[in-house]
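Note: the block below is query_9.pdb and it holds PDB, C-alpha atoms and all ligand atoms.
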```
ATOM      1  CA  MET A   1     -14.981  -4.435  11.359
ATOM      2  CA  ALA A   2     -16.807  -6.587  13.898
ATOM      3  CA  SER A   3     -20.054  -5.868  12.040
ATOM      4  CA  LEU A   4     -18.731  -7.458   8.823
ATOM      5  CA  GLU A   5     -19.298 -11.061   7.830
ATOM      6  CA  LYS A   6     -16.316 -13.296   8.715
ATOM      7  CA  GLY A   7     -14.183 -14.340   5.733
ATOM      8  CA  SER A   8     -15.882 -11.907   3.369
ATOM      9  CA  VAL A   9     -12.984  -9.643   2.291
ATOM     10  CA  ASP A  10     -10.442 -10.510  -0.430
ATOM     11  CA  VAL A  11      -7.904  -7.703  -0.162
ATOM     12  CA  VAL A  12      -6.985  -5.265   2.582
ATOM     13  CA  VAL A  13      -4.641  -2.486   1.556
ATOM     14  CA  THR A  14      -3.842   0.009   4.245
ATOM     15  CA  SER A  15      -1.418   2.366   5.857
ATOM     16  CA  PRO A  16      -2.050   2.686   9.605
ATOM     17  CA  PRO A  17      -0.772   5.533  11.765
ATOM     18  CA  TYR A  18       2.990   4.856  12.241
ATOM     19  CA  ASN A  19       3.215   6.284  15.787
ATOM     20  CA  LEU A  20       5.704   8.895  14.623
ATOM     21  CA  GLY A  21       3.879  11.923  16.053
ATOM     22  CA  ILE A  22       2.175  12.891  12.794
ATOM     23  CA  ASN A  23      -0.368  15.663  13.167
ATOM     24  CA  TYR A  24      -3.639  14.004  12.083
ATOM     25  CA  GLY A  25      -6.896  15.891  12.553
ATOM     26  CA  THR A  26      -8.388  13.637  15.243
ATOM     27  CA  TYR A  27      -6.056  10.694  15.953
ATOM     28  CA  MET A  28      -3.142  11.249  18.403
ATOM     29  CA  ASP A  29      -0.094   9.566  16.851
ATOM     30  CA  THR A  30       1.948   9.490  20.053
ATOM     31  CA  LEU A  31       1.191   6.286  21.971
ATOM     32  CA  GLU A  32       3.726   4.500  24.152
ATOM     33  CA  GLN A  33       5.362   1.953  21.832
ATOM     34  CA  ALA A  34       4.038  -1.093  23.758
ATOM     35  CA  GLU A  35       0.498   0.305  23.728
ATOM     36  CA  TYR A  36       0.801   1.102  20.010
ATOM     37  CA  LEU A  37       1.993  -2.428  19.189
ATOM     38  CA  ASN A  38      -0.843  -4.003  21.222
ATOM     39  CA  TRP A  39      -3.381  -1.817  19.431
ATOM     40  CA  CYS A  40      -1.914  -2.877  16.058
ATOM     41  CA  VAL A  41      -2.150  -6.554  16.952
ATOM     42  CA  SER A  42      -5.784  -6.069  17.934
ATOM     43  CA  TRP A  43      -6.755  -4.505  14.578
ATOM     44  CA  SER A  44      -4.667  -7.079  12.667
ATOM     45  CA  ARG A  45      -6.789  -9.792  14.379
ATOM     46  CA  SER A  46      -9.968  -8.011  13.291
ATOM     47  CA  ILE A  47      -8.618  -7.902   9.736
ATOM     48  CA  ARG A  48      -7.830 -11.636   9.845
ATOM     49  CA  ASP A  49     -11.402 -12.365  11.014
ATOM     50  CA  VAL A  50     -12.956 -10.683   7.986
ATOM     51  CA  LEU A  51     -10.314 -11.800   5.467
ATOM     52  CA  LYS A  52     -10.778 -14.877   3.277
ATOM     53  CA  ASP A  53      -8.302 -17.736   3.801
ATOM     54  CA  GLN A  54      -6.752 -16.925   0.414
ATOM     55  CA  GLY A  55      -6.905 -13.182   1.002
ATOM     56  CA  SER A  56      -4.136 -10.577   1.099
ATOM     57  CA  LEU A  57      -3.235  -7.859   3.587
ATOM     58  CA  PHE A  58      -0.922  -5.259   2.064
ATOM     59  CA  LEU A  59       0.433  -3.313   5.023
ATOM     60  CA  ASN A  60       2.298  -0.108   4.157
ATOM     61  CA  LEU A  61       4.680   1.024   6.903
ATOM     62  CA  GLY A  62       7.331   3.708   7.092
ATOM     63  CA  SER A  63       9.780   4.905   9.717
ATOM     64  CA  SER A  64      11.782   7.946  10.732
ATOM     65  CA  PRO A  65      15.426   8.416  11.743
ATOM     66  CA  SER A  66      14.289   8.729  15.367
ATOM     67  CA  ASN A  67      12.345   5.457  15.210
ATOM     68  CA  PRO A  68      13.918   3.404  12.421
ATOM     69  CA  THR A  69      12.789  -0.031  13.629
ATOM     70  CA  ILE A  70       9.061   0.622  14.071
ATOM     71  CA  PRO A  71       7.994  -1.196  10.849
ATOM     72  CA  HIS A  72      10.054  -4.239  11.891
ATOM     73  CA  ALA A  73       8.795  -4.172  15.494
ATOM     74  CA  LEU A  74       5.210  -4.035  14.257
ATOM     75  CA  LEU A  75       5.769  -6.757  11.659
ATOM     76  CA  PHE A  76       7.308  -9.108  14.263
ATOM     77  CA  GLN A  77       4.493  -8.448  16.713
ATOM     78  CA  ILE A  78       1.911  -9.370  14.059
ATOM     79  CA  LEU A  79       3.871 -12.474  12.974
ATOM     80  CA  LYS A  80       4.273 -13.553  16.623
ATOM     81  CA  ASP A  81       0.485 -13.542  16.908
ATOM     82  CA  GLU A  82       0.453 -16.294  14.232
ATOM     83  CA  LYS A  83      -2.593 -15.028  12.344
ATOM     84  CA  PHE A  84      -0.517 -13.979   9.333
ATOM     85  CA  VAL A  85       2.519 -15.178   7.391
ATOM     86  CA  LEU A  86       4.846 -12.787   5.551
ATOM     87  CA  GLN A  87       4.421 -13.802   1.906
ATOM     88  CA  ASN A  88       6.232 -10.913   0.154
ATOM     89  CA  THR A  89       8.165  -7.801   1.167
ATOM     90  CA  ILE A  90       7.852  -4.959  -1.301
ATOM     91  CA  HIS A  91       9.897  -1.764  -1.150
ATOM     92  CA  TRP A  92       7.978   1.348  -2.128
ATOM     93  CA  ILE A  93      10.656   3.544  -3.721
ATOM     94  CA  LYS A  94       9.602   7.207  -3.663
ATOM     95  CA  ALA A  95      12.707   8.643  -5.296
ATOM     96  CA  ILE A  96      15.734   7.132  -7.020
ATOM     97  CA  THR A  97      18.811   8.062  -9.023
ATOM     98  CA  VAL A  98      19.971   5.660 -11.746
ATOM     99  CA  ILE A  99      22.562   5.810 -14.518
ATOM    100  CA  ASP A 100      20.891   5.487 -17.925
ATOM    101  CA  ASP A 101      22.346   3.536 -20.871
ATOM    102  CA  ALA A 102      24.108   6.669 -22.127
ATOM    103  CA  GLY A 103      25.862   7.025 -18.749
ATOM    104  CA  HIS A 104      23.815  10.014 -17.570
ATOM    105  CA  GLU A 105      22.578  10.342 -14.006
ATOM    106  CA  LEU A 106      18.799  10.358 -13.927
ATOM    107  CA  SER A 107      16.890  11.363 -10.757
ATOM    108  CA  LYS A 108      13.161  10.669 -10.497
ATOM    109  CA  GLY A 109      10.527  11.114  -7.790
ATOM    110  CA  HIS A 110      10.063  13.281  -4.713
ATOM    111  CA  PHE A 111      11.266  13.031  -1.115
ATOM    112  CA  LYS A 112      11.302  15.161   2.015
ATOM    113  CA  PRO A 113      14.930  16.226   2.551
ATOM    114  CA  ILE A 114      16.409  15.603   6.012
ATOM    115  CA  ASN A 115      18.885  18.220   7.170
ATOM    116  CA  SER A 116      21.377  16.009   9.001
ATOM    117  CA  GLU A 117      25.038  15.149   9.443
ATOM    118  CA  ARG A 118      24.036  11.584  10.415
ATOM    119  CA  PHE A 119      21.116  10.467   8.317
ATOM    120  CA  VAL A 120      20.572  10.031   4.613
ATOM    121  CA  ASN A 121      17.276  11.151   3.065
ATOM    122  CA  ASP A 122      14.511   8.616   3.530
ATOM    123  CA  CYS A 123      13.212   7.662   0.070
ATOM    124  CA  HIS A 124      11.396   4.372   0.718
ATOM    125  CA  GLU A 125       8.743   2.616   2.775
ATOM    126  CA  TYR A 126       7.701  -1.010   3.162
ATOM    127  CA  ILE A 127       4.663  -2.839   1.863
ATOM    128  CA  PHE A 128       4.412  -6.108   3.773
ATOM    129  CA  HIS A 129       2.224  -8.630   1.935
ATOM    130  CA  LEU A 130       0.736 -10.687   4.765
ATOM    131  CA  THR A 131      -1.491 -13.670   4.115
ATOM    132  CA  PRO A 132      -3.208 -16.257   6.329
ATOM    133  CA  THR A 133      -1.032 -19.200   5.222
ATOM    134  CA  GLY A 134       1.663 -17.761   2.959
ATOM    135  CA  SER A 135       0.117 -19.447  -0.084
ATOM    136  CA  THR A 136      -2.316 -16.875  -1.482
ATOM    137  CA  PRO A 137      -2.103 -17.029  -5.291
ATOM    138  CA  ILE A 138      -1.072 -13.757  -6.941
ATOM    139  CA  ASP A 139      -1.215 -12.350 -10.479
ATOM    140  CA  ARG A 140       2.409 -11.303 -11.051
ATOM    141  CA  ARG A 141       1.885 -10.333 -14.682
ATOM    142  CA  ALA A 142      -0.989  -7.977 -13.824
ATOM    143  CA  VAL A 143       1.660  -5.573 -12.528
ATOM    144  CA  GLY A 144       4.399  -6.946 -14.773
ATOM    145  CA  VAL A 145       6.842  -5.022 -16.935
ATOM    146  CA  GLU A 146       8.006  -5.559 -20.504
ATOM    147  CA  TYR A 147      11.263  -7.429 -21.196
ATOM    148  CA  LYS A 148      14.134  -5.111 -22.013
ATOM    149  CA  HIS A 149      15.759  -7.805 -24.178
ATOM    150  CA  LYS A 150      12.928  -9.256 -26.278
ATOM    151  CA  SER A 151      14.981 -12.391 -27.039
ATOM    152  CA  ASN A 152      14.133 -13.522 -23.500
ATOM    153  CA  ILE A 153      10.488 -13.984 -24.508
ATOM    154  CA  SER A 154      11.278 -17.007 -26.690
ATOM    155  CA  ARG A 155      14.296 -18.119 -24.656
ATOM    156  CA  TRP A 156      12.334 -18.809 -21.463
ATOM    157  CA  GLU A 157       9.445 -21.262 -21.546
ATOM    158  CA  HIS A 158       7.715 -19.690 -18.526
ATOM    159  CA  THR A 159       7.004 -16.485 -20.524
ATOM    160  CA  ASP A 160       4.305 -18.321 -22.585
ATOM    161  CA  GLY A 161       5.331 -15.992 -25.405
ATOM    162  CA  MET A 162       4.177 -12.907 -23.486
ATOM    163  CA  ASP A 163       6.173  -9.704 -23.212
ATOM    164  CA  LYS A 164       5.569  -9.370 -19.458
ATOM    165  CA  ARG A 165       7.839 -10.347 -16.623
ATOM    166  CA  CYS A 166       7.391 -10.079 -12.882
ATOM    167  CA  ARG A 167       8.119  -6.519 -11.700
ATOM    168  CA  GLY A 168       9.918  -7.771  -8.608
ATOM    169  CA  ASN A 169       9.758  -6.244  -5.153
ATOM    170  CA  THR A 170      11.058  -2.733  -5.792
ATOM    171  CA  TRP A 171       8.171  -0.528  -6.861
ATOM    172  CA  PHE A 172       9.066   2.988  -7.960
ATOM    173  CA  ILE A 173       5.896   4.986  -7.249
ATOM    174  CA  PRO A 174       6.474   8.748  -7.071
ATOM    175  CA  TYR A 175       4.024  11.127  -5.426
ATOM    176  CA  GLU A 176       2.051  13.152  -7.920
ATOM    177  CA  THR A 177       3.593  16.629  -8.329
ATOM    178  CA  ILE A 178       1.402  19.184  -6.520
ATOM    179  CA  GLN A 179       1.204  22.984  -6.598
ATOM    180  CA  CYS A 180      -0.500  23.624  -3.249
ATOM    181  CA  ARG A 181      -0.161  21.148  -0.364
ATOM    182  CA  ASP A 182      -3.305  22.281   1.569
ATOM    183  CA  LYS A 183      -5.530  22.033  -1.482
ATOM    184  CA  ASP A 184      -3.944  19.158  -3.414
ATOM    185  CA  ARG A 185      -2.903  16.851  -0.510
ATOM    186  CA  PRO A 186      -4.927  17.916   2.544
ATOM    187  CA  HIS A 187      -3.737  15.020   4.752
ATOM    188  CA  PRO A 188      -0.279  14.599   6.326
ATOM    189  CA  ALA A 189       0.363  10.958   5.332
ATOM    190  CA  THR A 190      -1.224   9.694   2.131
ATOM    191  CA  PHE A 191       0.067   7.119  -0.302
ATOM    192  CA  PRO A 192      -0.178   7.670  -4.080
ATOM    193  CA  ILE A 193      -3.244   6.000  -5.650
ATOM    194  CA  ALA A 194      -0.924   3.855  -7.804
ATOM    195  CA  LEU A 195       0.285   2.055  -4.654
ATOM    196  CA  PRO A 196      -3.038   0.457  -3.587
ATOM    197  CA  GLU A 197      -3.869  -0.024  -7.269
ATOM    198  CA  GLN A 198      -0.752  -2.159  -7.833
ATOM    199  CA  CYS A 199      -1.483  -4.130  -4.659
ATOM    200  CA  ILE A 200      -5.058  -4.910  -5.761
ATOM    201  CA  ARG A 201      -3.871  -5.890  -9.245
ATOM    202  CA  LEU A 202      -1.105  -8.085  -7.792
ATOM    203  CA  HIS A 203      -3.627  -9.954  -5.675
ATOM    204  CA  GLY A 204      -5.741 -10.389  -8.833
ATOM    205  CA  CYS A 205      -8.689  -8.256  -9.943
ATOM    206  CA  ARG A 206     -12.135  -9.759 -10.299
ATOM    207  CA  PRO A 207     -15.521  -8.060 -10.664
ATOM    208  CA  ASP A 208     -16.671  -9.605  -7.359
ATOM    209  CA  LEU A 209     -13.528  -8.645  -5.414
ATOM    210  CA  VAL A 210     -14.121  -7.099  -1.972
ATOM    211  CA  VAL A 211     -11.449  -4.586  -0.949
ATOM    212  CA  MET A 212     -11.127  -2.913   2.458
ATOM    213  CA  ASP A 213      -9.028  -0.132   4.002
ATOM    214  CA  PRO A 214      -9.437   0.210   7.799
ATOM    215  CA  PHE A 215      -7.437   3.488   7.805
ATOM    216  CA  LEU A 216      -8.990   5.251   4.833
ATOM    217  CA  GLY A 217      -7.565   8.763   5.188
ATOM    218  CA  ILE A 218      -8.736  10.788   2.203
ATOM    219  CA  GLY A 219      -9.602   7.707   0.166
ATOM    220  CA  SER A 220      -6.585   6.767  -2.005
ATOM    221  CA  SER A 221      -7.379   3.044  -1.726
ATOM    222  CA  TRP A 222     -11.063   3.721  -2.475
ATOM    223  CA  VAL A 223     -10.142   5.525  -5.700
ATOM    224  CA  ALA A 224      -7.749   2.657  -6.558
ATOM    225  CA  ALA A 225     -10.527   0.104  -5.984
ATOM    226  CA  ILE A 226     -12.830   2.041  -8.321
ATOM    227  CA  ARG A 227     -10.078   2.182 -10.957
ATOM    228  CA  CYS A 228      -9.664  -1.591 -10.630
ATOM    229  CA  LYS A 229     -13.454  -2.027 -11.033
ATOM    230  CA  VAL A 230     -13.778  -4.217  -7.952
ATOM    231  CA  GLY A 231     -17.188  -5.328  -6.732
ATOM    232  CA  ARG A 232     -17.219  -3.670  -3.301
ATOM    233  CA  PHE A 233     -15.082  -1.326  -1.236
ATOM    234  CA  ILE A 234     -15.271  -0.883   2.540
ATOM    235  CA  GLY A 235     -13.402   1.887   4.362
ATOM    236  CA  PHE A 236     -13.067   3.119   7.958
ATOM    237  CA  GLU A 237     -11.822   6.520   9.078
ATOM    238  CA  LEU A 238     -11.901   8.271  12.430
ATOM    239  CA  ASP A 239     -11.772  11.847  11.137
ATOM    240  CA  LYS A 240     -15.006  13.137   9.580
ATOM    241  CA  SER A 241     -13.276  15.772   7.463
ATOM    242  CA  TYR A 242     -11.068  13.077   5.866
ATOM    243  CA  VAL A 243     -14.164  10.955   5.191
ATOM    244  CA  ALA A 244     -15.796  13.923   3.450
ATOM    245  CA  LEU A 245     -12.711  14.358   1.249
ATOM    246  CA  ALA A 246     -12.585  10.616   0.523
ATOM    247  CA  ARG A 247     -16.228  10.761  -0.626
ATOM    248  CA  GLU A 248     -15.393  13.747  -2.836
ATOM    249  CA  HIS A 249     -12.409  11.956  -4.410
ATOM    250  CA  ALA A 250     -14.408   8.787  -5.038
ATOM    251  CA  SER A 251     -17.369  10.648  -6.502
ATOM    252  CA  ASP A 252     -15.074  12.584  -8.853
ATOM    253  CA  LEU A 253     -14.649   9.332 -10.740
ATOM    254  CA  THR A 254     -17.156   7.839 -13.082
ATOM    255  CA  ILE A 255     -17.816   4.400 -11.692
ATOM    256  CA  VAL A 256     -17.969   1.993 -14.601
ATOM    257  CA  TRP A 257     -19.247  -1.359 -13.399
ATOM    258  CA  PRO A 258     -17.780  -4.447 -15.081
ATOM    259  CA  ASP A 259     -21.028  -5.380 -16.867
ATOM    260  CA  ASP A 260     -21.541  -1.804 -18.091
ATOM    261  CA  SER A 261     -20.782  -1.561 -21.805
ATOM    262  CA  ASN A 262     -19.918   2.147 -21.431
TER
HETATM  263  C1  LIG B   1      -1.551   6.961   7.370
HETATM  264  S1  LIG B   1      -3.161   7.607   7.366
HETATM  265  C2  LIG B   1      -3.941   6.810   5.974
HETATM  266  C3  LIG B   1      -3.893   7.644   4.723
HETATM  267  C4  LIG B   1      -4.506   6.976   3.510
HETATM  268  N1  LIG B   1      -3.737   5.815   3.098
HETATM  269  C5  LIG B   1      -4.592   7.958   2.328
HETATM  270  O1  LIG B   1      -3.852   7.799   1.330
HETATM  271  O2  LIG B   1      -5.375   8.914   2.411
HETATM  272  C6  LIG B   1      -3.930   6.816   8.739
HETATM  273  C7  LIG B   1      -5.354   7.250   8.991
HETATM  274  O3  LIG B   1      -5.919   6.429  10.011
HETATM  275  C8  LIG B   1      -6.900   7.199  10.697
HETATM  276  N2  LIG B   1      -7.217   6.496  11.957
HETATM  277  C9  LIG B   1      -6.517   6.446  13.102
HETATM  278  N3  LIG B   1      -7.115   5.655  14.005
HETATM  279  C10 LIG B   1      -8.228   5.151  13.417
HETATM  280  C11 LIG B   1      -9.254   4.259  13.821
HETATM  281  N4  LIG B   1      -9.251   3.720  15.046
HETATM  282  N5  LIG B   1     -10.216   3.945  12.937
HETATM  283  C12 LIG B   1     -10.232   4.491  11.699
HETATM  284  N6  LIG B   1      -9.289   5.369  11.250
HETATM  285  C13 LIG B   1      -8.299   5.681  12.094
HETATM  286  C14 LIG B   1      -6.246   8.560  10.833
HETATM  287  O4  LIG B   1      -7.210   9.588  11.046
HETATM  288  C15 LIG B   1      -5.521   8.682   9.474
HETATM  289  O5  LIG B   1      -6.298   9.407   8.547
END
```

Rewrite the structure from the file as structure tokens, please.
Amino acid sequence: MASLEKGSVDVVVTSPPYNLGINYGTYMDTLEQAEYLNWCVSWSRSIRDVLKDQGSLFLNLGSSPSNPTIPHALLFQILKDEKFVLQNTIHWIKAITVIDDAGHELSKGHFKPINSERFVNDCHEYIFHLTPTGSTPIDRRAVGVEYKHKSNISRWEHTDGMDKRCRGNTWFIPYETIQCRDKDRPHPATFPIALPEQCIRLHGCRPDLVVMDPFLGIGSSWVAAIRCKVGRFIGFELDKSYVALAREHASDLTIVWPDDSN
């Protein structure tokens, strides 16, 4: 990141190692907590250096029953460093059960069951939206949802007559259903492409947008950036085999540039 021009990146969307002992190819996910937190502060400073003053850092963090406070510890460490302000907290909901209008129980999404007499299954993670001053403008309607009761469109002046309201901070994003883990998800900790895509759209898409992921994995954020037709994407990844897969995933897509009539 030190080789990049200062203040040149609009959006960072990333999921760092969580220090939960995950078996990555190259990276050892088992640092002492203090060392891990110091390392995280050092890369968050590097991100701030390259981020524009009105930029966004979407930081996806999860936990485990054995280390339930790690996302909060990391968030507080970054906030204590005073380079970022917490502008929004989004909950990434991986699986949920709701009662539909007919009174039926409806379960959607996927989760890894925990066999425990103490802990409930873990069906969510955090996306902390960190910004340099807390006043980065966002495009709420770009990831908005339609009004359930259409009468609200004319009732509220702020709708401007549009059938789109803010989605709020609970984002239900299920993992894609896969047949074969090794082939279809050959990395132990990916996020679904829809997650970085919604983050980029929430920040606001523009053809000259520069998006970065310092922990690229197999390239979910790169694919999202291509789908959003951003101007430039920059990624970093320690493990060469993940980089090769990221390149494969990105090149599977036809890149349609904004000024391309096709
Ligand atoms: C949680 S995973 C990211 C997965 C990614 N979001 C995806 O969907 O494919 C974190 C990644 O960070 C990588 N990593 C760890 N330390 C790194 C470093 N110093 N520089 C670049 N990548 C690193 C790991 O190899 C791992 O692939």

Could you list, with a cut-off of 6 Å and counting only C-alpha atoms and all ligand atoms, the residues of chain A near ligand LIG 1 (chain B), each shown with its nearest atom pair and the distance in Å rounded to one decimal, rows sorted by chain and ascending number, as a tab-separated table?
```
residue	atom	partner	partner_atom	distance
A:Thr14	CA	B:LIG1	N1	5.9
A:Ser15	CA	B:LIG1	C1	4.8
A:Pro16	CA	B:LIG1	C6	4.6
A:Pro17	CA	B:LIG1	C6	4.6
A:Tyr24	CA	B:LIG1	O4	5.8
A:Thr26	CA	B:LIG1	O4	5.9
A:Tyr27	CA	B:LIG1	C9	5.1
A:Ala189	CA	B:LIG1	C1	4.9
A:Thr190	CA	B:LIG1	O1	3.3
A:Phe191	CA	B:LIG1	O1	4.3
A:Pro214	CA	B:LIG1	C12	5.8
A:Phe215	CA	B:LIG1	O3	4.0
A:Leu216	CA	B:LIG1	C4	5.0
A:Gly217	CA	B:LIG1	O2	3.5
A:Ile218	CA	B:LIG1	O2	3.9
A:Gly219	CA	B:LIG1	O2	4.9
A:Ser220	CA	B:LIG1	O1	4.4
A:Phe236	CA	B:LIG1	C12	4.9
A:Glu237	CA	B:LIG1	N6	3.5
A:Leu238	CA	B:LIG1	N6	4.1
A:Asp239	CA	B:LIG1	O4	5.1
```

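Take the candidates A:Ile114, A:Leu31, A:Val211, A:Ala102 and check each one against Pro65 of chain A using all atoms listed in the file; the shortest distance goes to A:Ile114.
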
Here's a test: counting only C-alpha atoms, identify every protein, DNA and RNA residue with an atom at most 8 Å from (-11.1, -14.0, 9.6) in the file's coordinate frame, and state them as number ranges by chain. A: 6-7, 45-53

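Minimum distance to Leu57 of chain A across A:Lys94, A:Lys112, A:His203, A:His124 (counting all atoms listed in the file) occurs at A:His203.
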
At a cut-off of 9 Å, using all atoms listed in the file, what residues contact Thr170 of chain A? Leave out same-chain residues fewer than 4 positions from it and give the result as a list in words.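 Here the qualifying residues turn out to be Ile90, His91, Trp92 and Ile93 of chain A.
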
From A:Glu5, A:Gly231, A:Ala95, A:Asp160, residue lying nearest Phe111 of chain A [only C-alpha atoms]: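 Of A:Glu5, A:Gly231, A:Ala95, A:Asp160, the one nearest Phe111 of chain A, counting only C-alpha atoms, is A:Ala95.
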
Expanded to explicit residues, what is the PyMOL selection byres (((chain A and resi 33) around 12) and not hetatm) for this file, as a list in words? Tyr18, Asn19, Leu20, Gly21, Asp29, Thr30, Leu31, Glu32, Ala34, Glu35, Tyr36, Leu37, Asn38, Trp39, Cys40, Asn67, Thr69, Ile70, Pro71, Ala73, Leu74 and Gln77 of chain A

Nearest to His187 of chain A among A:Thr133, A:Gly25, A:Trp171, A:Asn115, with distances taken over only C-alpha atoms: which residue is it?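 Between A:Thr133, A:Gly25, A:Trp171, A:Asn115, the residue approaching His187 of chain A most closely is A:Gly25.
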
In Å to one decimal, how far is atom CA of Tyr147 of chain A from atom CA of Lys164 of chain A?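 Atom-to-atom, atom CA of Lys164 of chain A to atom CA of Tyr147 of chain A, that is 6.3 Å.
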